[in-house]
Amino acid sequence: MVTEDRYKVAGRLMLLRSQGKISFGDLRDQFGSIQLFVRSNEVEDFALFNSLNLGDWIGVEGRIGKTKKGELSIFVESFTLLARAERNFGDKWHGVSDTDTRYRQRYVDLWANPASRETFAKRFKMISLMRRFLEDRGFFEVETPILHPISGGALAKPFVTHHNALDANFYLRIAPELYLKRLIVGGFERVFEIGRVFRNEGISPRHNPEFTMLELYQAYVDYSDIMNLVEELLCYLAVELNGSLEIEYQGKTLDFRRPWRRATLEELASESLGYEISLETPFEKLVDIAKSLSIKIEPEWGPGKLVLEIYEATTEHRLWNPTFVMDFPVEVSPLARDHRSKAGRVERFETIVAGRELANAFSELNDPREQRRRFMHQVEMGRAGDDEAMSMDEDYIRALEYGLPPTGGLGIGIDRLAMLLCDASQIREVVAFPAMRPEVFD
RNA sequence: GCCCUCCUGGCGCAAUGGUUAGCGCAACGGACUUUUAAUCCGGCGGUUCUGGGUUCGAGUCCCAGGGGGGGCACCA
C-alpha cells in the first residue's frame with residue numbers, strides 16, 4: 001500500500017480537504033497533480049498544513065502509496081511552506097473566465113485554467129520542434145538587429161524610436177529579411193531566425209502589434225523547393241503536436257495530407273469570379289471588377305495591385321485546406337525574383353490555410369540593378385501616399401553587388417500557425433502577454 | 001477609425017423598474033481518521049465600472065466617459 005521510498009516534491013496547493021485528524025491536498029507542479037495524504041499523528045505541523053491557502057507553494061517529503069480509494073498519494077511526513085499566495089486564483093471549479101484578467105494577468109489564467117496552460121505548452125513545444133526540424137536540415141539559427149536604421153523587408157508601418165548617443169531615429173524591425181539575406185551573401189548558406197517583429201497597426205483578433213516570425217533562407221534552391229519544405233515542416237508539426245494530418249480547427253477539419261494544391265493567383269481569382277482575369281486583362285476592366293467588389297482603388301495602383309486586391313476580396317478567405325497560391329505580380333513583390341517564364345510575375349507563393357495567409361515565400365531577387373529599380377518604384381509609391389511602401393536601402397543593394405547566390409526564402413507567422421494547431425480563434429489565446437491598453441492603477 | 005455588445009463581493013454566477021442586491025467557491029471560525037469541486041454548521045464580505053439623467057422608485061431604462069469582447073477596415 002505504501003512504499004518505503006521517500007520522495008520530495010514541490011508545487012502549488014490546489015485543493016485542500018481537511019477531515020478532522022487527516023487531510024487531503026492536491027499538489028500541482030509543471031507536469032501534473034498528485035494527492036497529498038496528511039495524518040495528524042505523522043506530521044508535526046498538522047494545524048499549519050490545514051491553515052494553508054489554496055495557491056500556496058509548498059515542498060513535501062514522504063512515502064508514496066495508494067489510499068483506500070486507490071488514489072496515488074504522497075503520505076506526507078514533513079512539509080515546508082515555500083511561498084504564500086496572498087491572492088487567490090478564483091473559483092476552483094470554474095477558473096477565471098474574465099478575458100481582461102486572463103490577458104492582463106496571464107499568470108492567473110495559466111494556473112486557473114488548464115486549457116490555457118495546454119495551449120501555451122503546445123505553442124512553446126511547436127517552436128522547439130521547428131528549431132529541431134530546421135537544425136536537422138543544416139540550418140543555422142542566427143540573430144539580426146531589431147533596431148533598424150531603415151525599415152524594410154515587408155510592407156508595413158513601423159514603430160519609431162530614438163537612440164540618444166547617435167541622435168538618430170531607429171525603426172523596430174517589421175521583418176528580418178534583408179539582414180538574413182546579407183548573411184547569405186556573407187557565406188551562411190542556410191539560416192533561420194525566429195524572432196519578434198513589430199508593426200504599427202491596429203489590434204484585432206488576428207493582429208498583435210508585436211508578433212513572432214520564422215524566416216529562413218536557403219542558398220541554391222527556388223520557391224518550388226521552399227513549397228516542399230513548407231509541406232514537410234507543417235506536416236511534421238501537425239503529427240508531432242496533434243498526432244494527425246487531419247486537425248480540427250473551429251469545428252471543421254483541416255486536411256494537411258500531401259500534396260497540397262498549387263495554383264497561380266490568377267487561376268484562383270478567375271475560378272472565384274467564374275471568368276478569366278489576368279494581368280493582361282484590360283486595365284479598365286480590372287478597375288470595373290474591383291469597383292464591383294467595393295474595393296477602394298488608389299490612383300497609384302497598377303494592374304498587379306488590382307489583381308491582388310481582387311484575389312484577396314474573392315478568394316483568400318475561401319481557401320480552407322492548405323493551398324499554395326503562386327506567381328504574384330511583380331508590382332506587389334519588391335523583393336522577389338522575376339518569374340523564369342512569365343513576364344510581370346515573380347516566383348513567389350503564399351500558403352493559405354483556413355482562409356488566412358500562413359506563409360509567404362519566394363525565390364529571392366538577387367540582381368542589384370533590378371532591386372534598385374524595385375526600390376525606386378517603392379519610393380515613388382511612398383511619395384504617392386502609400387505609407388507602407390519600402391525605402392531605398394543602399395547597403396542592401398551594395399550587398400547584392402557582392403553576389404547573392406540563387407536563394408529561396410520563407411516567412412511564417414508563428415502566432416497564426418499556433419492558432420491553427422491550438423484551435424484558437426483569437427491571437428490573444430496564443431500570445432502569452434498580448435498588447436493591451438496600459439492598465440491604470442489607482 | 002467605424003458598428004454591435006458586455007462590466008454585480010477576491011473568483012464564478014443570479015435578481016418581470018418595486019423591501020435591506022441573492023447564491024456557490026475562496027477567505028475566516030467550528031465539527032469530522034480515507035477524501036476526490038469532501039460534507040456539515042457559523043459569522044464576515046458589495047457606493048452593482050465612473051459621472052449625469054428619466055422615475056414615487058434604477059443593478060435593470062436613457063446620455064457621456066473608462067475598460068473588455070465581437071465584427072468591419074488594414075495587415076501577418
# chains A, B, ... in the order shown; residues from 1 in each chain; ligands from 1
$ residues_around --residues "Phe328 of chain A" --least-positions-apart "6" --cutoff "7 Å" --atoms "only C-alpha atoms (C1' of nucleotides)" --output "VMD selection string"
chain A and resid 265 345 to 346 348 to 349
$ write_last_selection --atoms "N, CA and C atoms" --output "PDB file, in the first residue's frame"
ATOM      1  N   LEU A 265      -2.154  32.615 -58.609  1.00  0.00           N
ATOM      2  CA  LEU A 265      -3.056  33.626 -58.081  1.00  0.00           C
ATOM      3  C   LEU A 265      -4.121  33.965 -59.120  1.00  0.00           C
ATOM      4  N   ARG A 345       5.338  38.596 -63.590  1.00  0.00           N
ATOM      5  CA  ARG A 345       5.121  37.829 -62.367  1.00  0.00           C
ATOM      6  C   ARG A 345       6.471  37.524 -61.722  1.00  0.00           C
ATOM      7  N   VAL A 346       6.384  37.192 -60.417  1.00  0.00           N
ATOM      8  CA  VAL A 346       7.591  36.774 -59.713  1.00  0.00           C
ATOM      9  C   VAL A 346       7.386  35.357 -59.182  1.00  0.00           C
ATOM     10  N   ARG A 348       6.916  33.728 -56.472  1.00  0.00           N
ATOM     11  CA  ARG A 348       6.515  33.927 -55.085  1.00  0.00           C
ATOM     12  C   ARG A 348       5.264  33.112 -54.826  1.00  0.00           C
ATOM     13  N   PHE A 349       5.142  32.612 -53.597  1.00  0.00           N
ATOM     14  CA  PHE A 349       3.874  31.971 -53.225  1.00  0.00           C
ATOM     15  C   PHE A 349       3.500  32.346 -51.806  1.00  0.00           C
TER      16      PHE A 349
END
$ interface_residues --of "chain B" --to "chain A" --cutoff "6 Å" --atoms "only C-alpha atoms (C1' of nucleotides)" --output "PyMOL selection string"
chain B and resi 11-12+25+32-34+37+68
$ atom_distance --atom1 "atom CA of Glu312 of chain A" --atom2 "atom CA of Leu335 of chain A"
20.2 Å
$ residues_around --residues "Glu331 of chain A" --least-positions-apart "2" --cutoff "9 Å" --atoms "only C-alpha atoms (C1' of nucleotides)" --output "list in words"
Trp301, Gly302, Pro303, Gly304, Lys305, Phe328, Pro329, Ser333, Pro334, Gly344, Arg345, Arg374 and His377 of chain A
$ residues_around --residues "C3 of chain B" --least-positions-apart "2" --cutoff "12 Å" --atoms "only C-alpha atoms (C1' of nucleotides)" --output "ChimeraX atom specification"
/B:1,5,70-73
$ write_last_selection --atoms "all heavy atoms" --output "tab-separated table (two decimals), in the first residue's frame"
chain	number	residue	atom	x	y	z
B	1	G	P	-8.89	55.94	-32.82
B	1	G	OP1	-7.53	55.89	-33.35
B	1	G	OP2	-9.33	57.07	-32.00
B	1	G	O5'	-9.89	55.86	-34.07
B	1	G	C5'	-10.20	57.01	-34.83
B	1	G	C4'	-10.94	56.59	-36.06
B	1	G	O4'	-10.17	55.58	-36.76
B	1	G	C3'	-12.29	55.92	-35.81
B	1	G	O3'	-13.31	56.88	-35.63
B	1	G	C2'	-12.48	55.09	-37.08
B	1	G	O2'	-12.96	55.88	-38.14
B	1	G	C1'	-11.04	54.65	-37.39
B	1	G	N9	-10.74	53.30	-36.86
B	1	G	C8	-9.87	53.00	-35.86
B	1	G	N7	-9.80	51.71	-35.62
B	1	G	C5	-10.70	51.14	-36.53
B	1	G	C6	-11.06	49.79	-36.74
B	1	G	O6	-10.64	48.79	-36.16
B	1	G	N1	-12.00	49.66	-37.77
B	1	G	C2	-12.53	50.69	-38.47
B	1	G	N2	-13.41	50.38	-39.39
B	1	G	N3	-12.20	51.96	-38.28
B	1	G	C4	-11.29	52.12	-37.30
B	5	U	P	-26.16	47.06	-29.15
B	5	U	OP1	-27.59	46.74	-28.94
B	5	U	OP2	-25.67	48.44	-28.91
B	5	U	O5'	-25.29	46.06	-28.29
B	5	U	C5'	-25.60	44.67	-28.25
B	5	U	C4'	-24.51	43.91	-27.53
B	5	U	O4'	-23.23	44.21	-28.16
B	5	U	C3'	-24.30	44.28	-26.07
B	5	U	O3'	-25.20	43.60	-25.22
B	5	U	C2'	-22.85	43.85	-25.84
B	5	U	O2'	-22.76	42.47	-25.64
B	5	U	C1'	-22.21	44.20	-27.18
B	5	U	N1	-21.55	45.53	-27.17
B	5	U	C2	-20.31	45.59	-26.56
B	5	U	O2	-19.78	44.64	-26.04
B	5	U	N3	-19.73	46.84	-26.58
B	5	U	C4	-20.25	47.99	-27.14
B	5	U	O4	-19.60	49.03	-27.08
B	5	U	C5	-21.54	47.82	-27.75
B	5	U	C6	-22.12	46.63	-27.74
B	70	G	P	-12.38	39.09	-29.25
B	70	G	OP1	-11.76	37.79	-29.56
B	70	G	OP2	-11.60	40.33	-29.45
B	70	G	O5'	-13.74	39.22	-30.06
B	70	G	C5'	-14.67	38.16	-30.05
B	70	G	C4'	-15.89	38.54	-30.83
B	70	G	O4'	-16.53	39.67	-30.19
B	70	G	C3'	-15.63	39.03	-32.25
B	70	G	O3'	-15.44	37.98	-33.18
B	70	G	C2'	-16.90	39.83	-32.53
B	70	G	O2'	-17.99	38.97	-32.79
B	70	G	C1'	-17.11	40.51	-31.18
B	70	G	N9	-16.45	41.82	-31.13
B	70	G	C8	-15.27	42.14	-30.51
B	70	G	N7	-14.93	43.40	-30.66
B	70	G	C5	-15.95	43.93	-31.42
B	70	G	C6	-16.15	45.25	-31.90
B	70	G	O6	-15.43	46.24	-31.74
B	70	G	N1	-17.33	45.36	-32.65
B	70	G	C2	-18.20	44.34	-32.90
B	70	G	N2	-19.26	44.62	-33.64
B	70	G	N3	-18.03	43.09	-32.45
B	70	G	C4	-16.90	42.97	-31.73
B	71	G	P	-14.45	38.21	-34.42
B	71	G	OP1	-14.37	36.92	-35.12
B	71	G	OP2	-13.22	38.89	-33.94
B	71	G	O5'	-15.27	39.24	-35.31
B	71	G	C5'	-16.44	38.83	-35.99
B	71	G	C4'	-17.14	40.01	-36.61
B	71	G	O4'	-17.39	41.02	-35.60
B	71	G	C3'	-16.37	40.77	-37.68
B	71	G	O3'	-16.37	40.12	-38.94
B	71	G	C2'	-17.11	42.10	-37.70
B	71	G	O2'	-18.34	41.97	-38.39
B	71	G	C1'	-17.40	42.31	-36.21
B	71	G	N9	-16.36	43.14	-35.59
B	71	G	C8	-15.33	42.76	-34.77
B	71	G	N7	-14.57	43.77	-34.39
B	71	G	C5	-15.13	44.87	-35.02
B	71	G	C6	-14.76	46.24	-35.01
B	71	G	O6	-13.81	46.77	-34.41
B	71	G	N1	-15.60	47.02	-35.79
B	71	G	C2	-16.68	46.55	-36.50
B	71	G	N2	-17.36	47.45	-37.21
B	71	G	N3	-17.04	45.28	-36.53
B	71	G	C4	-16.23	44.50	-35.76
B	72	C	P	-15.14	40.35	-39.93
B	72	C	OP1	-15.38	39.47	-41.10
B	72	C	OP2	-13.87	40.25	-39.18
B	72	C	O5'	-15.33	41.86	-40.39
B	72	C	C5'	-16.44	42.24	-41.19
B	72	C	C4'	-16.43	43.73	-41.45
B	72	C	O4'	-16.46	44.45	-40.19
B	72	C	C3'	-15.18	44.27	-42.12
B	72	C	O3'	-15.18	44.04	-43.53
B	72	C	C2'	-15.24	45.74	-41.77
B	72	C	O2'	-16.16	46.43	-42.59
B	72	C	C1'	-15.79	45.69	-40.34
B	72	C	N1	-14.71	45.77	-39.35
B	72	C	C2	-14.17	47.03	-39.05
B	72	C	O2	-14.62	48.02	-39.63
B	72	C	N3	-13.17	47.12	-38.14
B	72	C	C4	-12.70	46.04	-37.53
B	72	C	N4	-11.73	46.19	-36.65
B	72	C	C5	-13.23	44.74	-37.82
B	72	C	C6	-14.21	44.65	-38.72
B	73	A	P	-13.78	43.82	-44.29
B	73	A	OP1	-14.11	43.68	-45.73
B	73	A	OP2	-13.02	42.76	-43.60
B	73	A	O5'	-13.01	45.19	-44.07
B	73	A	C5'	-13.38	46.34	-44.82
B	73	A	C4'	-12.51	47.51	-44.42
B	73	A	O4'	-12.68	47.78	-43.00
B	73	A	C3'	-11.01	47.29	-44.57
B	73	A	O3'	-10.57	47.52	-45.89
B	73	A	C2'	-10.44	48.29	-43.58
B	73	A	O2'	-10.45	49.59	-44.10
B	73	A	C1'	-11.46	48.20	-42.44
B	73	A	N9	-11.04	47.21	-41.44
B	73	A	C8	-11.46	45.91	-41.31
B	73	A	N7	-10.90	45.27	-40.32
B	73	A	C5	-10.06	46.22	-39.75
B	73	A	C6	-9.18	46.16	-38.65
B	73	A	N6	-9.00	45.07	-37.90
B	73	A	N1	-8.49	47.28	-38.35
B	73	A	C2	-8.67	48.36	-39.11
B	73	A	N3	-9.47	48.55	-40.17
B	73	A	C4	-10.14	47.42	-40.43
$ residues_around --residues "segment 268-276 of chain A" --least-positions-apart "5" --cutoff "10 Å" --atoms "only C-alpha atoms (C1' of nucleotides)" --output "PyMOL selection string"
chain A and resi 262-263+281+289+307-316+318-319+325-326
$ closest_residue --among "B:G17, B:G66, B:C75, B:C41" --to "U54 of chain B" --atoms "only C-alpha atoms (C1' of nucleotides)"
B:G17
$ select_by_dssp --residues "segment 18-156 of chain A" --states "strand (DSSP E)" --output "PyMOL selection string"
chain A and resi 18-19+22-28+33-39+57-66+72-83+140-141+147-148
$ atom_distance --atom1 "atom CA of Ile174 of chain A" --atom2 "atom CA of Lys122 of chain A"
25.7 Å
$ select_by_dssp --residues "segment 247-341 of chain A" --states "helix (DSSP H, G or I)" --output "ChimeraX atom specification"
/A:265-273,283-292,303-314,316-318,330-332
$ residues_around --residues "G29 of chain B" --least-positions-apart "6" --cutoff "12 Å" --atoms "only C-alpha atoms (C1' of nucleotides)" --output "number ranges by chain"
A: 51; B: 41-44
$ closest_residue --among "A:Trp260, A:Ile397, A:Met390, A:Val430" --to "Ile352 of chain A" --atoms "only C-alpha atoms"
A:Trp260
$ atom_distance --atom1 "atom CA of Leu233 of chain A" --atom2 "atom CA of Glu135 of chain A"
12.0 Å
$ residues_around --residues "Glu347 of chain A" --least-positions-apart "3" --cutoff "9 Å" --atoms "only C-alpha atoms (C1' of nucleotides)" --output "list in words"
Asp222, Tyr223, Ser224, Met326, Asp327, Phe328, Val330, Ala336, Arg337, Asp338, His339, Arg340, Ala361, Phe362, Ser363 and Glu364 of chain A
$ write_last_selection --atoms "C-alpha atoms" --output "PDB file, in the first residue's frame"
ATOM      1  CA  ASP A 222      13.984  28.178 -55.519  1.00  0.00           C
ATOM      2  CA  TYR A 223      10.413  28.677 -54.432  1.00  0.00           C
ATOM      3  CA  SER A 224       9.372  25.178 -55.518  1.00  0.00           C
ATOM      4  CA  MET A 326       1.721  31.048 -56.773  1.00  0.00           C
ATOM      5  CA  ASP A 327       3.209  33.646 -59.064  1.00  0.00           C
ATOM      6  CA  PHE A 328       2.321  37.042 -57.679  1.00  0.00           C
ATOM      7  CA  VAL A 330       5.939  41.848 -59.642  1.00  0.00           C
ATOM      8  CA  ALA A 336      11.088  38.541 -55.214  1.00  0.00           C
ATOM      9  CA  ARG A 337      12.818  37.312 -58.321  1.00  0.00           C
ATOM     10  CA  ASP A 338      11.217  37.635 -61.765  1.00  0.00           C
ATOM     11  CA  HIS A 339       9.424  34.507 -62.861  1.00  0.00           C
ATOM     12  CA  ARG A 340      11.627  32.420 -65.143  1.00  0.00           C
ATOM     13  CA  ALA A 361       7.919  32.863 -49.735  1.00  0.00           C
ATOM     14  CA  PHE A 362       9.857  33.462 -52.907  1.00  0.00           C
ATOM     15  CA  SER A 363      12.892  32.915 -54.994  1.00  0.00           C
ATOM     16  CA  GLU A 364      14.899  35.885 -53.833  1.00  0.00           C
TER      17      GLU A 364
END
$ decode --residues "segment 20-53 of chain B" --atoms "N, CA, C and O atoms (P, O5', C5', C4', C3', O3' and C1' of nucleotides)" --output "compact mmCIF listing (two decimals), in the first residue's frame"
# COMPACT_ATOMS: atom_id res chain seq x y z
P U B 20 -35.24 49.08 1.07
O5' U B 20 -34.07 48.09 1.52
C5' U B 20 -32.76 48.61 1.67
C4' U B 20 -31.82 47.52 2.13
C3' U B 20 -31.76 46.29 1.23
O3' U B 20 -30.41 45.86 1.16
C1' U B 20 -32.25 45.65 3.44
P A B 21 -29.66 45.93 -0.18
O5' A B 21 -29.71 44.46 -0.77
C5' A B 21 -30.89 43.92 -1.33
C4' A B 21 -30.54 43.03 -2.48
C3' A B 21 -29.45 42.00 -2.18
O3' A B 21 -30.01 40.83 -1.63
C1' A B 21 -28.94 43.14 -4.19
P G B 22 -29.93 40.55 -0.12
O5' G B 22 -30.26 39.00 -0.04
C5' G B 22 -29.25 38.07 -0.25
C4' G B 22 -29.69 37.08 -1.30
C3' G B 22 -28.74 35.89 -1.42
O3' G B 22 -29.07 34.90 -0.47
C1' G B 22 -29.11 36.81 -3.56
P C B 23 -27.93 34.23 0.37
O5' C B 23 -27.30 33.20 -0.68
C5' C B 23 -28.11 32.15 -1.19
C4' C B 23 -27.49 31.51 -2.38
C3' C B 23 -26.07 30.96 -2.19
O3' C B 23 -26.05 29.76 -1.45
C1' C B 23 -26.22 32.04 -4.28
P G B 24 -24.78 29.39 -0.58
O5' G B 24 -23.75 28.86 -1.67
C5' G B 24 -24.02 27.67 -2.39
C4' G B 24 -22.97 27.45 -3.44
C3' G B 24 -21.53 27.54 -2.95
O3' G B 24 -21.09 26.33 -2.34
C1' G B 24 -21.75 28.82 -4.90
P C B 25 -19.98 26.39 -1.23
O5' C B 25 -18.66 26.83 -2.02
C5' C B 25 -18.08 25.96 -2.98
C4' C B 25 -16.94 26.65 -3.69
C3' C B 25 -15.84 27.20 -2.78
O3' C B 25 -14.94 26.19 -2.35
C1' C B 25 -16.42 28.83 -4.38
P A B 26 -14.22 26.32 -0.97
O5' A B 26 -13.34 27.63 -1.14
C5' A B 26 -12.21 27.64 -2.00
C4' A B 26 -11.59 29.02 -2.05
C3' A B 26 -11.14 29.57 -0.70
O3' A B 26 -9.85 29.10 -0.36
C1' A B 26 -12.37 31.22 -1.87
P A B 27 -9.50 28.87 1.16
O5' A B 27 -9.62 30.31 1.79
C5' A B 27 -8.65 31.32 1.51
C4' A B 27 -9.00 32.58 2.26
C3' A B 27 -9.29 32.40 3.75
O3' A B 27 -8.10 32.38 4.51
C1' A B 27 -11.02 33.65 2.79
P C B 28 -8.04 31.43 5.78
O5' C B 28 -9.10 32.06 6.79
C5' C B 28 -8.88 33.33 7.39
C4' C B 28 -9.99 33.67 8.35
C3' C B 28 -10.36 32.58 9.34
O3' C B 28 -9.46 32.49 10.43
C1' C B 28 -12.33 33.48 8.42
P G B 29 -9.19 31.05 11.06
O5' G B 29 -10.52 30.73 11.87
C5' G B 29 -10.82 31.48 13.04
C4' G B 29 -12.11 31.02 13.65
C3' G B 29 -12.23 29.51 13.87
O3' G B 29 -11.54 29.05 15.00
C1' G B 29 -14.24 30.33 12.93
P G B 30 -11.05 27.53 15.01
O5' G B 30 -12.40 26.68 15.04
C5' G B 30 -13.17 26.62 16.22
C4' G B 30 -14.46 25.86 15.99
C3' G B 30 -14.34 24.38 15.64
O3' G B 30 -14.01 23.57 16.76
C1' G B 30 -16.01 25.38 14.30
P A B 31 -13.31 22.14 16.52
O5' A B 31 -14.45 21.25 15.86
C5' A B 31 -15.55 20.84 16.66
C4' A B 31 -16.41 19.86 15.88
C3' A B 31 -15.66 18.68 15.27
O3' A B 31 -15.39 17.66 16.23
C1' A B 31 -17.15 19.58 13.68
P C B 32 -13.99 16.91 16.20
O5' C B 32 -14.13 15.94 14.94
C5' C B 32 -15.13 14.92 14.94
C4' C B 32 -15.30 14.39 13.54
C3' C B 32 -14.02 13.87 12.88
O3' C B 32 -13.72 12.55 13.28
C1' C B 32 -15.20 15.28 11.38
P U B 33 -12.14 12.14 13.51
O5' U B 33 -11.89 11.19 12.27
C5' U B 33 -11.83 11.70 10.94
C4' U B 33 -10.96 10.77 10.12
C3' U B 33 -11.44 9.33 10.06
O3' U B 33 -11.20 8.86 8.74
C1' U B 33 -9.21 9.41 10.83
P U B 34 -12.32 7.96 8.02
O5' U B 34 -11.90 8.06 6.50
C5' U B 34 -12.04 9.30 5.80
C4' U B 34 -11.62 9.11 4.36
C3' U B 34 -12.22 7.87 3.69
O3' U B 34 -12.43 8.16 2.32
C1' U B 34 -9.86 7.74 3.66
P U B 35 -13.96 8.20 1.73
O5' U B 35 -14.08 9.67 1.13
C5' U B 35 -14.44 10.77 1.95
C4' U B 35 -13.68 11.99 1.53
C3' U B 35 -13.71 12.27 0.03
O3' U B 35 -14.88 12.96 -0.32
C1' U B 35 -11.49 12.46 0.83
P U B 36 -15.63 12.64 -1.70
O5' U B 36 -14.63 13.22 -2.80
C5' U B 36 -14.42 14.64 -2.89
C4' U B 36 -13.38 14.92 -3.95
C3' U B 36 -13.82 14.53 -5.36
O3' U B 36 -13.31 15.48 -6.27
C1' U B 36 -11.85 13.36 -4.80
P A B 37 -14.19 15.94 -7.48
O5' A B 37 -14.14 17.50 -7.43
C5' A B 37 -12.90 18.17 -7.18
C4' A B 37 -13.18 19.46 -6.47
C3' A B 37 -13.86 19.27 -5.11
O3' A B 37 -13.43 20.29 -4.22
C1' A B 37 -15.24 20.53 -6.51
P A B 38 -12.52 19.78 -3.04
O5' A B 38 -13.36 18.62 -2.32
C5' A B 38 -14.44 18.97 -1.50
C4' A B 38 -15.27 17.74 -1.21
C3' A B 38 -16.53 18.00 -0.41
O3' A B 38 -17.60 18.43 -1.25
C1' A B 38 -15.36 16.19 0.54
P U B 39 -18.53 19.63 -0.80
O5' U B 39 -19.29 19.01 0.46
C5' U B 39 -20.14 17.89 0.32
C4' U B 39 -20.56 17.38 1.67
C3' U B 39 -21.15 18.43 2.60
O3' U B 39 -22.52 18.68 2.32
C1' U B 39 -19.55 17.17 3.78
P C B 40 -23.13 20.14 2.56
O5' C B 40 -23.21 20.24 4.14
C5' C B 40 -24.01 19.32 4.86
C4' C B 40 -23.80 19.49 6.34
C3' C B 40 -23.89 20.93 6.85
O3' C B 40 -25.21 21.38 7.00
C1' C B 40 -21.99 19.87 7.79
P C B 41 -25.59 22.92 6.77
O5' C B 41 -25.04 23.60 8.10
C5' C B 41 -25.55 23.21 9.36
C4' C B 41 -24.80 23.88 10.47
C3' C B 41 -24.60 25.39 10.32
O3' C B 41 -25.75 26.13 10.65
C1' C B 41 -22.56 24.39 11.00
P G B 42 -26.03 27.55 9.96
O5' G B 42 -24.92 28.49 10.60
C5' G B 42 -24.96 28.79 11.98
C4' G B 42 -23.73 29.57 12.39
C3' G B 42 -23.51 30.89 11.66
O3' G B 42 -24.34 31.92 12.15
C1' G B 42 -21.47 29.72 11.81
P G B 43 -25.11 32.92 11.12
O5' G B 43 -24.08 34.12 10.98
C5' G B 43 -23.78 34.94 12.11
C4' G B 43 -22.34 35.38 12.08
C3' G B 43 -21.97 36.33 10.94
O3' G B 43 -22.31 37.68 11.23
C1' G B 43 -20.38 34.60 11.03
P C B 44 -22.74 38.65 10.07
O5' C B 44 -21.34 38.86 9.29
C5' C B 44 -20.26 39.50 9.96
C4' C B 44 -19.02 39.46 9.11
C3' C B 44 -19.08 40.19 7.79
O3' C B 44 -18.97 41.60 7.95
C1' C B 44 -17.95 38.13 7.50
P G B 45 -19.80 42.56 6.97
O5' G B 45 -19.06 42.36 5.59
C5' G B 45 -17.71 42.81 5.40
C4' G B 45 -17.15 42.26 4.12
C3' G B 45 -17.88 42.71 2.86
O3' G B 45 -17.35 43.95 2.40
C1' G B 45 -17.57 40.37 2.81
P G B 46 -18.30 45.25 2.30
O5' G B 46 -18.83 45.23 0.81
C5' G B 46 -17.95 45.16 -0.31
C4' G B 46 -18.74 45.31 -1.57
C3' G B 46 -19.60 46.57 -1.66
O3' G B 46 -18.86 47.63 -2.22
C1' G B 46 -20.75 44.63 -2.48
P U B 47 -18.76 49.04 -1.45
O5' U B 47 -19.85 50.00 -2.10
C5' U B 47 -21.21 49.88 -1.79
C4' U B 47 -22.01 50.87 -2.60
C3' U B 47 -21.65 50.91 -4.09
O3' U B 47 -22.80 51.30 -4.82
C1' U B 47 -21.25 53.02 -3.13
P U B 48 -23.51 50.30 -5.79
O5' U B 48 -22.43 49.24 -6.29
C5' U B 48 -21.82 49.41 -7.56
C4' U B 48 -21.96 48.15 -8.39
C3' U B 48 -22.42 48.40 -9.83
O3' U B 48 -21.69 47.53 -10.67
C1' U B 48 -23.85 46.86 -8.81
P C B 49 -21.35 48.03 -12.13
O5' C B 49 -20.11 48.97 -11.89
C5' C B 49 -18.92 48.51 -11.26
C4' C B 49 -17.79 49.45 -11.56
C3' C B 49 -18.18 50.92 -11.53
O3' C B 49 -18.14 51.44 -10.22
C1' C B 49 -17.02 50.47 -13.54
P U B 50 -19.18 52.57 -9.77
O5' U B 50 -18.62 53.86 -10.49
C5' U B 50 -17.32 54.36 -10.20
C4' U B 50 -17.05 55.60 -11.00
C3' U B 50 -18.18 56.63 -10.99
O3' U B 50 -18.13 57.45 -9.85
C1' U B 50 -17.49 56.27 -13.21
P G B 51 -19.51 58.04 -9.24
O5' G B 51 -19.91 59.16 -10.29
C5' G B 51 -19.02 60.22 -10.57
C4' G B 51 -19.55 61.06 -11.70
C3' G B 51 -21.02 61.40 -11.62
O3' G B 51 -21.30 62.42 -10.69
C1' G B 51 -20.49 60.73 -13.81
P G B 52 -22.82 62.73 -10.28
O5' G B 52 -23.33 63.49 -11.57
C5' G B 52 -24.69 63.66 -11.78
C4' G B 52 -24.95 64.03 -13.22
C3' G B 52 -26.41 63.88 -13.62
O3' G B 52 -27.16 65.02 -13.23
C1' G B 52 -25.09 62.73 -15.17
P G B 53 -28.47 64.77 -12.30
O5' G B 53 -29.51 64.23 -13.38
C5' G B 53 -29.77 65.01 -14.55
C4' G B 53 -30.42 64.19 -15.62
C3' G B 53 -31.78 63.60 -15.28
O3' G B 53 -32.81 64.56 -15.37
C1' G B 53 -30.46 61.98 -16.40
